[in-house]
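Structure below is work-v6.txt: compact mmCIF, C-alpha atoms.
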# COMPACT_ATOMS: atom_id res chain seq x y z
CA MET A 26 136.98 222.93 114.60
CA LEU A 27 133.30 222.85 115.52
CA SER A 28 132.39 224.95 112.49
CA ASN A 29 134.23 222.49 110.21
CA ILE A 30 132.32 219.57 111.74
CA LEU A 31 129.01 221.37 111.32
CA SER A 32 129.83 222.17 107.71
CA THR A 33 130.62 218.52 107.06
CA ALA A 34 127.40 217.46 108.73
CA THR A 35 125.42 219.82 106.50
CA VAL A 36 126.94 218.28 103.36
CA VAL A 37 126.30 214.78 104.68
CA LEU A 38 122.67 215.59 105.41
CA ALA A 39 122.26 216.89 101.86
CA ALA A 40 123.86 213.73 100.54
CA THR A 41 121.51 211.59 102.60
CA GLN A 42 118.52 213.38 101.08
CA LEU A 43 119.90 212.79 97.59
CA VAL A 44 120.66 209.14 98.10
CA SER A 45 117.14 208.41 99.31
CA ALA A 46 115.49 209.81 96.19
CA GLN A 47 114.56 208.07 92.99
CA THR A 48 116.29 205.94 90.39
CA SER A 49 113.68 203.60 89.00
CA THR A 50 113.14 200.79 86.54
CA LYS A 51 109.89 199.67 84.96
CA CYS A 52 110.56 196.07 86.00
CA ASN A 53 113.51 194.62 87.92
CA PRO A 54 114.15 191.01 86.79
CA MET A 55 115.98 190.28 90.04
CA GLU A 56 112.70 190.78 91.88
CA LYS A 57 110.10 189.32 89.52
CA LYS A 58 109.51 187.97 86.02
CA CYS A 59 109.84 190.77 83.48
CA PRO A 60 109.36 191.09 79.72
CA ASP A 61 112.30 190.00 77.58
CA ASP A 62 114.69 192.70 76.39
CA PRO A 63 114.53 193.25 72.60
CA ALA A 64 118.09 192.95 71.25
CA LEU A 65 119.78 195.25 68.77
CA GLY A 66 121.87 192.30 67.55
CA LYS A 67 123.91 194.37 65.07
CA THR A 68 125.52 197.76 64.57
CA VAL A 69 123.46 200.86 63.88
CA THR A 70 124.50 204.45 63.17
CA VAL A 71 122.05 207.29 63.72
CA ASP A 72 122.94 210.59 62.03
CA PHE A 73 120.89 213.23 63.80
CA THR A 74 121.83 215.87 61.22
CA LYS A 75 119.39 214.04 58.91
CA GLY A 76 116.49 214.32 61.31
CA GLU A 77 114.68 212.16 63.84
CA ASN A 78 115.06 208.40 63.89
CA ASP A 79 112.78 205.63 65.12
CA PHE A 80 115.62 203.80 66.88
CA PHE A 81 115.06 206.18 69.79
CA GLU A 82 111.85 206.88 71.68
CA ALA A 83 111.22 210.31 73.19
CA ALA A 84 110.09 210.69 76.79
CA ASP A 85 106.78 212.40 77.52
CA GLY A 86 107.09 216.15 77.07
CA THR A 87 110.27 215.87 74.98
CA LYS A 88 110.54 218.08 71.91
CA ILE A 89 113.72 217.96 69.87
CA ASN A 90 114.72 220.17 66.96
CA TYR A 91 116.97 218.91 64.16
CA ASP A 92 119.37 220.91 62.01
CA GLY A 93 122.86 220.73 60.54
CA GLN A 94 124.39 220.43 64.00
CA GLY A 95 122.24 217.43 64.89
CA ALA A 96 119.53 216.87 67.49
CA ALA A 97 119.03 219.99 69.62
CA PHE A 98 118.04 219.24 73.23
CA ILE A 99 116.76 222.61 74.46
CA ILE A 100 116.09 223.77 78.02
CA ASN A 101 114.10 226.94 78.62
CA LYS A 102 112.81 226.33 82.14
CA GLU A 103 113.48 224.27 85.24
CA THR A 104 111.08 221.43 84.40
CA ASP A 105 112.49 220.85 80.91
CA ALA A 106 114.30 217.52 80.60
CA PRO A 107 114.37 216.36 76.96
CA THR A 108 115.32 212.67 76.90
CA ILE A 109 115.37 209.89 74.33
CA THR A 110 115.89 206.16 74.97
CA SER A 111 116.86 203.41 72.56
CA THR A 112 114.11 200.93 71.72
CA LYS A 113 116.63 198.06 71.69
CA TYR A 114 119.12 196.69 74.21
CA ILE A 115 122.77 195.76 73.87
CA PHE A 116 124.48 192.95 75.79
CA PHE A 117 128.01 194.33 75.93
CA GLY A 118 129.12 196.52 73.06
CA LYS A 119 130.63 199.78 71.91
CA ILE A 120 128.92 203.17 71.67
CA ASP A 121 130.31 206.31 70.04
CA VAL A 122 128.45 209.56 70.64
CA GLU A 123 129.33 212.87 68.97
CA VAL A 124 128.01 215.66 71.15
CA GLN A 125 128.42 219.32 71.98
CA ALA A 126 127.31 219.75 75.58
CA SER A 127 124.90 222.42 76.72
CA THR A 128 126.03 225.66 78.26
CA GLY A 129 124.44 227.04 81.42
CA THR A 130 125.45 226.69 85.04
CA GLY A 131 123.47 223.88 86.61
CA VAL A 132 122.48 222.33 83.26
CA VAL A 133 123.56 218.70 82.77
CA THR A 134 124.08 216.89 79.48
CA SER A 135 124.07 213.11 79.85
CA PHE A 136 124.86 209.96 77.87
CA VAL A 137 123.83 206.93 79.92
CA LEU A 138 123.64 203.16 79.54
CA GLN A 139 121.18 201.59 81.97
CA SER A 140 119.79 198.09 82.50
CA ASP A 141 116.55 196.79 83.99
CA ASP A 142 118.29 195.94 87.27
CA LEU A 143 119.99 199.36 87.44
CA ASP A 144 123.45 198.57 86.15
CA GLU A 145 124.68 201.84 84.71
CA ILE A 146 127.55 203.46 82.77
CA ASP A 147 127.66 207.27 82.42
CA TRP A 148 129.15 210.29 80.72
CA GLU A 149 128.02 213.66 82.15
CA TRP A 150 128.83 217.26 81.28
CA LEU A 151 128.12 220.30 83.46
CA GLY A 152 127.20 223.47 81.60
CA GLY A 153 129.45 225.59 83.79
CA ASP A 154 132.54 223.36 83.51
CA GLU A 155 134.38 224.25 80.31
CA THR A 156 137.38 221.96 80.79
CA GLN A 157 136.10 218.61 82.09
CA VAL A 158 133.68 215.75 81.60
CA GLN A 159 132.66 213.19 84.21
CA THR A 160 132.41 209.40 84.05
CA ASN A 161 130.67 207.07 86.46
CA TYR A 162 129.20 203.60 86.83
CA PHE A 163 126.79 201.74 89.10
CA GLY A 164 125.99 198.10 89.72
CA LYS A 165 122.48 197.04 90.78
CA GLY A 166 121.72 200.61 91.88
CA ASP A 167 124.19 200.31 94.74
CA THR A 168 125.23 203.65 96.27
CA THR A 169 126.73 202.41 99.53
CA THR A 170 130.13 203.71 98.40
CA TYR A 171 131.10 206.91 96.60
CA ASP A 172 134.34 206.03 94.87
CA ARG A 173 133.17 205.30 91.34
CA GLY A 174 133.29 208.67 89.60
CA ALA A 175 136.08 210.52 87.80
CA TYR A 176 136.80 213.83 86.03
CA HIS A 177 138.61 213.96 82.69
CA GLN A 178 139.97 216.96 80.81
CA VAL A 179 138.42 217.85 77.48
CA ALA A 180 138.74 221.03 75.43
CA SER A 181 135.69 223.32 75.38
CA PRO A 182 132.96 220.64 75.51
CA GLN A 183 130.22 223.31 75.22
CA THR A 184 131.57 224.87 72.02
CA GLN A 185 133.27 221.92 70.31
CA THR A 186 131.89 218.56 69.20
CA HIS A 187 133.87 215.61 70.53
CA LYS A 188 133.44 211.86 70.18
CA TYR A 189 132.87 210.09 73.49
CA THR A 190 133.10 206.31 73.54
CA VAL A 191 132.13 203.51 75.90
CA GLU A 192 133.57 200.06 75.16
CA TRP A 193 131.86 197.52 77.42
CA THR A 194 132.72 193.83 77.68
CA LYS A 195 132.38 191.20 80.38
CA ASP A 196 135.96 191.98 81.41
CA HIS A 197 136.05 195.77 81.56
CA VAL A 198 134.56 199.16 80.69
CA VAL A 199 136.75 201.62 78.79
CA TRP A 200 135.86 205.30 78.38
CA SER A 201 137.58 207.25 75.56
CA ILE A 202 137.54 210.81 74.22
CA ASP A 203 138.29 211.34 70.52
CA GLY A 204 139.88 207.89 70.39
CA SER A 205 142.09 208.35 73.46
CA GLN A 206 141.40 206.15 76.49
CA VAL A 207 140.83 208.14 79.66
CA ARG A 208 139.62 205.45 82.03
CA GLU A 209 139.26 201.71 82.50
CA LEU A 210 137.16 199.75 84.98
CA LYS A 211 138.05 196.08 85.33
CA TYR A 212 135.47 193.48 86.35
CA SER A 213 137.37 192.54 89.49
CA ASP A 214 137.66 196.17 90.61
CA ALA A 215 133.88 196.52 91.07
CA LYS A 216 133.48 194.58 94.34
CA ASP A 217 134.92 191.44 92.76
CA GLY A 218 132.49 191.82 89.85
CA THR A 219 129.31 191.93 91.94
CA ARG A 220 128.88 195.63 91.13
CA PHE A 221 130.26 195.50 87.62
CA PRO A 222 127.70 196.59 84.98
CA GLN A 223 126.95 193.35 83.11
CA THR A 224 123.29 193.07 82.12
CA PRO A 225 121.60 194.20 78.85
CA MET A 226 121.34 197.97 78.61
CA GLN A 227 119.47 200.71 76.78
CA ILE A 228 121.10 203.96 75.67
CA LYS A 229 119.70 207.25 76.98
CA LEU A 230 120.57 210.74 75.74
CA GLY A 231 119.34 213.97 77.24
CA THR A 232 119.69 217.18 79.21
CA TRP A 233 118.14 218.31 82.50
CA VAL A 234 118.42 220.96 85.20
CA ALA A 235 120.39 220.23 88.37
CA GLY A 236 120.59 223.90 89.38
CA GLY A 237 116.89 224.48 89.87
CA LYS A 238 115.57 226.62 92.70
CA ASP A 239 113.97 223.55 94.28
CA SER A 240 116.90 221.18 93.71
CA PRO A 241 118.60 219.69 96.79
CA LYS A 242 121.54 221.77 97.99
CA GLY A 243 124.04 218.99 97.33
CA THR A 244 122.87 218.67 93.74
CA VAL A 245 123.15 222.41 93.15
CA GLU A 246 126.66 222.49 94.60
CA TRP A 247 127.74 219.59 92.40
CA ALA A 248 126.23 221.26 89.34
CA GLY A 249 128.18 224.47 89.99
CA GLY A 250 125.34 226.66 91.24
CA TYR A 251 121.81 227.75 90.42
CA THR A 252 120.71 228.07 86.81
CA ASP A 253 120.00 231.59 85.52
CA PHE A 254 117.07 231.11 83.14
CA SER A 255 117.33 234.69 81.92
CA GLN A 256 120.20 233.32 79.83
CA ALA A 257 118.09 230.52 78.32
CA PRO A 258 117.73 228.72 75.99
CA PHE A 259 120.45 226.19 76.86
CA THR A 260 121.11 223.70 74.06
CA ALA A 261 123.04 220.46 73.70
CA TYR A 262 123.65 219.10 70.20
CA TYR A 263 123.89 215.36 69.61
CA LYS A 264 125.38 214.96 66.14
CA SER A 265 125.46 211.17 65.81
CA VAL A 266 125.57 207.90 67.69
CA THR A 267 126.95 204.54 66.59
CA ILE A 268 125.90 201.52 68.66
CA GLU A 269 127.45 198.07 68.27
CA ASP A 270 125.81 195.18 70.11
CA TYR A 271 128.29 192.42 70.98
CA GLY A 272 125.41 190.10 71.98
CA ASN A 273 127.68 188.44 74.56
CA GLY A 274 129.74 187.10 71.68
CA LYS A 275 126.81 186.16 69.40
CA THR A 276 125.70 187.75 66.13
CA GLY A 277 122.06 188.42 65.24
CA ALA A 278 120.46 188.24 68.69
CA GLU A 279 116.70 188.80 68.76
CA LYS A 280 116.16 189.17 72.49
CA TYR A 281 117.79 188.79 75.87
CA VAL A 282 115.96 186.64 78.40
CA TRP A 283 116.56 186.85 82.13
CA GLY A 284 116.56 183.59 84.05
CA ASP A 285 114.03 183.14 86.84
CA LYS A 286 115.32 184.66 90.07
CA SER A 287 118.34 186.02 88.25
CA ASP A 288 121.30 187.01 90.42
CA GLY A 289 122.04 189.89 88.04
CA SER A 290 125.08 188.21 86.50
CA TYR A 291 125.71 188.10 82.76
CA GLN A 292 125.75 184.30 83.00
CA SER A 293 122.07 184.36 83.98
CA ILE A 294 121.03 186.02 80.69
CA GLN A 295 120.00 183.87 77.72
CA VAL A 296 120.71 185.11 74.20
CA VAL A 297 117.84 184.15 71.87
CA MET A 298 118.89 184.24 68.23
CA GLY A 299 116.89 185.56 65.31
CA ASP A 300 115.77 182.05 64.37
CA GLY A 301 114.19 181.68 67.80
CA ASP A 302 116.81 179.26 69.13
CA ASP A 303 118.16 179.72 72.63
CA ASP A 304 121.88 180.19 72.92
CA SER A 305 123.00 177.94 75.75
CA GLU A 306 126.44 179.48 75.85
CA THR A 307 125.26 182.41 77.93
CA SER A 308 128.61 182.76 79.65
CA SER A 309 130.67 182.99 76.47
CA SER A 310 133.14 185.83 76.15
CA ALA A 311 131.94 189.10 74.71
CA THR A 312 134.88 190.61 72.92
CA SER A 313 135.53 193.69 70.88
CA THR A 314 137.11 194.90 67.69
CA GLN A 315 138.47 197.99 69.35
CA GLU A 316 141.86 199.02 68.07
CA SER A 317 144.57 199.75 70.59
CA THR A 318 143.80 203.09 72.19
CA LYS A 319 146.24 205.54 73.58
CA THR A 320 145.86 206.87 77.08
CA SER A 321 145.26 210.59 77.11
CA ASP A 322 146.88 213.02 79.47
CA ALA A 323 143.61 213.37 81.33
CA THR A 324 144.09 214.99 84.71
CA SER A 325 141.62 215.68 87.42
CA THR A 326 140.98 217.07 90.84
CA THR A 327 139.80 214.94 93.73
CA LYS A 328 136.48 215.91 95.25
CA SER A 329 134.06 214.30 97.69
CA ASP A 330 131.62 211.82 96.13
CA ALA A 331 128.37 212.50 97.91
CA SER A 332 125.42 212.04 95.58
CA LYS A 333 124.42 210.84 92.13
CA THR A 334 123.12 212.55 89.00
CA THR A 335 122.34 211.01 85.62
CA LEU A 336 119.70 211.57 83.04
CA SER A 337 118.11 208.17 83.59
CA THR A 338 115.33 209.48 85.83
CA SER A 339 115.37 213.14 84.90
CA THR A 340 111.86 212.84 83.55
CA THR A 341 110.78 211.40 86.91
CA GLY A 342 112.56 213.75 89.28
CA THR A 343 112.11 216.85 87.12
CA SER A 344 109.44 215.89 84.64
CA SER A 345 109.17 217.65 81.32
CA ALA A 346 106.17 219.75 80.46
CA SER A 347 103.38 217.23 80.05
CA SER A 348 101.60 219.20 77.37
CA SER A 349 104.07 218.04 74.72
CA SER A 350 103.35 214.68 73.20
CA THR A 351 105.96 211.97 72.80
CA GLU A 352 107.59 212.36 69.41
CA SER A 353 107.74 209.47 67.00
CA ALA A 354 110.87 208.91 64.96
CA SER A 355 110.86 208.16 61.26
CA GLY A 356 114.38 208.63 59.91
CA SER A 357 116.59 205.83 58.61
CA ALA A 358 119.71 204.49 60.27
CA SER A 359 122.61 202.83 58.51
CA GLU A 360 123.19 199.31 59.76
CA THR A 361 125.93 196.71 59.58
CA PRO A 362 125.97 193.20 61.02
CA ALA A 363 127.59 192.80 64.41
CA PRO A 364 130.96 191.03 64.34
CA THR A 365 131.18 187.36 65.19
CA SER A 366 132.98 186.30 68.33
CA GLU A 367 135.69 184.68 66.20
CA ASN A 368 136.58 188.05 64.69
CA ASN A 369 136.70 189.86 67.98
CA GLY A 370 139.65 190.13 70.28
CA ASP A 371 139.48 191.05 73.95
CA ALA A 372 140.57 194.66 74.38
CA GLU A 373 143.65 194.67 76.52
CA ALA A 374 143.75 196.71 79.69
CA GLY A 375 145.94 199.79 79.55
CA SER A 376 146.66 199.83 75.81
CA ASP A 377 148.96 202.84 76.11
CA PRO A 378 152.41 201.84 74.77
CA SER A 379 154.04 203.34 77.85
CA GLY A 380 152.01 201.09 80.09
CA ALA A 381 150.81 204.05 82.13
CA ALA A 382 147.36 203.73 83.60
CA PRO A 383 144.80 206.44 82.77
CA THR A 384 144.47 209.02 85.50
CA GLU A 385 141.15 209.44 87.26
CA THR A 386 139.77 210.81 90.48
CA SER A 387 136.70 210.56 92.60
CA ILE A 388 133.89 212.96 91.82
CA PRO A 389 130.60 213.82 93.42
CA THR A 390 127.99 211.55 91.87
CA THR A 391 124.97 213.73 92.02
CA GLY A 392 121.48 214.42 90.77
CA ALA A 393 118.76 212.78 88.71
CA ALA A 394 119.30 209.06 88.99
CA PHE A 395 119.21 208.98 92.75
CA LYS A 396 119.40 205.57 94.35
CA ASN A 397 116.87 204.13 96.78
CA SER A 398 119.23 203.58 99.67
CA PHE A 399 120.39 205.09 102.93
CA SER A 400 123.97 205.91 103.81
CA GLY A 401 125.03 204.60 107.20
CA ALA A 402 128.20 206.65 107.01
CA ALA A 403 126.17 209.78 106.40
CA PHE A 404 123.93 209.03 109.33
CA GLY A 405 126.92 208.40 111.58
CA ALA A 406 128.53 211.67 110.60
CA CYS A 407 125.36 213.55 111.43
CA LEU A 408 125.12 211.85 114.84
CA LEU A 409 128.73 212.79 115.58
CA ALA A 410 128.06 216.40 114.68
CA ALA A 411 124.99 216.46 116.90
CA PHE A 412 126.93 214.90 119.79
CA LEU A 413 129.68 217.51 119.53
CA LEU A 414 127.08 220.23 119.66

What's the structure tokens form of this structure?
Amino acid sequence: MLSNILSTATVVLAATQLVSAQTSTKCNPMEKKCPDDPALGKTVTVDFTKGENDFFEAADGTKINYDGQGAAFIINKETDAPTITSTKYIFFGKIDVEVQASTGTGVVTSFVLQSDDLDEIDWEWLGGDETQVQTNYFGKGDTTTYDRGAYHQVASPQTQTHKYTVEWTKDHVVWSIDGSQVRELKYSDAKDGTRFPQTPMQIKLGTWVAGGKDSPKGTVEWAGGYTDFSQAPFTAYYKSVTIEDYGNGKTGAEKYVWGDKSDGSYQSIQVVMGDGDDDSETSSSATSTQESTKTSDATSTTKSDASKTTLSTSTTGTSSASSSSTESASGSASETPAPTSENNGDAEAGSDPSGAAPTETSIPTTGAAFKNSFSGAAFGACLLAAFLL
């Protein structure tokens, strides 16, 4: 009994260390006046098999190779963390990413949407997990609860290219694999909407090392163990990405402007159109053209949700080699206008004809995008363990 309590206390201590680490934003509009967010305002497709593209900006130290498989994100050592971030924001939308995840125990491949006030929507693949992918979300960087993550079955993600989709509206977030819905988050299910991701986001793609020799124990355990760099290089291939900006129901947005002392709600964001006019209907519905999706037979195994890992701060927590310069992008991307709100219909929850809800389970949210917070529950568990000693 005592040994079980001590073991639990050890995990909780590790989680506490993780939670107190470092997700960051250049400027949080809920705290001060920040620059406006440049809007995508349309649909863009980036085909990485054709080379680099200026829609994405590479993080310092990032070097990406391009070939017939797409953009190769390569890890050779613990400090490697190749990451690219979109230069434009979307205000609700749909993103399709074709990717073959990296191999390697402890190596994480990530596809992340993140806003200036730390709203976040994630896909994450572990190099040592050949049957599952993880989804997660965060609102305002809040990590006071650990019930947001889920595992979903997918065939051989490190050897096969699959299409992973996020459909994001003011009403819900839907995650899909190869066109089959695996999860839905409704607005009301995220603390009555207060922790629902709802502010303009950038798209981040990358890989990083969670199984490093200096990584926190909880992160290493979540990642499946320490990374054996004698087996490097470890490579993830991003084949293409299609990004559709719903513009909160408006076509041709130029920028998204946060109101002074914003409460972080989508209603507090102004949509400024390409002609420079403000759109006063900031609370209008953002809808989608998503066809009805079928719910996959995704199954999963419940695990404790102790800490958080996404690529969003991988270049902060495990910075890439600084000797490499930031790469510029010069390729072309095919573009189509974003749909008007009149042509969009709200995606219905649970579009499976059987009416069955997608299965999902809690997962450990671990690693790079650690949140600046302290877990009272973790602290209490540690005190209990100490008392019993």

Point-to-point distance from atom CA of A:Thr68 to atom CA of A:Lys195, Å rounded to tenths: 18.4 Å

Shortest interatomic distance to A:Lys280 - which of A:Tyr262, A:Phe136, A:Tyr114, A:Tyr251, counting only C-alpha atoms: A:Tyr114

Taking a cut-off of 10 Å and counting all atoms listed in the file, can you build a table that, for each residue of stretch 138-236 of chain A near stretch 76-85 of chain A, reports the nearest atom pair and how far apart they are in Å (one decimal), sorted by chain then residue number, as JSON lines?
{"residue": "A:Gln227", "atom": "CA", "partner": "A:Phe81", "partner_atom": "CA", "distance": 9.9}
{"residue": "A:Ile228", "atom": "CA", "partner": "A:Phe81", "partner_atom": "CA", "distance": 8.7}
{"residue": "A:Lys229", "atom": "CA", "partner": "A:Phe81", "partner_atom": "CA", "distance": 8.6}
{"residue": "A:Leu230", "atom": "CA", "partner": "A:Phe81", "partner_atom": "CA", "distance": 9.3}
{"residue": "A:Gly231", "atom": "CA", "partner": "A:Ala83", "partner_atom": "CA", "distance": 9.8}

Within 12 Å of A:Pro258 using only C-alpha atoms, minus same-chain residues under 6 positions, as a ChimeraX atom specification: /A:97-103,105,127-129,132,252

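Take the candidates A:Lys88, A:Val207, A:His187, A:Ala215 and check each one against A:Thr170 using only C-alpha atoms; the shortest distance goes to A:Ala215.
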
Under the rule of at most 9 Å, produce a per-residue listing of stretch 184-269 of chain A near stretch 155-160 of chain A: chain, number, name, the closest pair of atoms, and the distance in Å, as a tab-separated table, using only C-alpha atoms.
residue	atom	partner	partner_atom	distance
A:Thr184	CA	A:Glu155	CA	8.8
A:Trp200	CA	A:Thr160	CA	7.8
A:Arg208	CA	A:Thr160	CA	8.5

Between atom CA of A:Gly204 and atom CA of A:Gly272 - distance in Å to one decimal: 23.0 Å

Pairwise distance for atom CA of A:Trp247 and atom CA of A:Ala261, rounded to one decimal in Å: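 For atom CA of A:Trp247 relative to atom CA of A:Ala261, the distance reads 19.3 Å.
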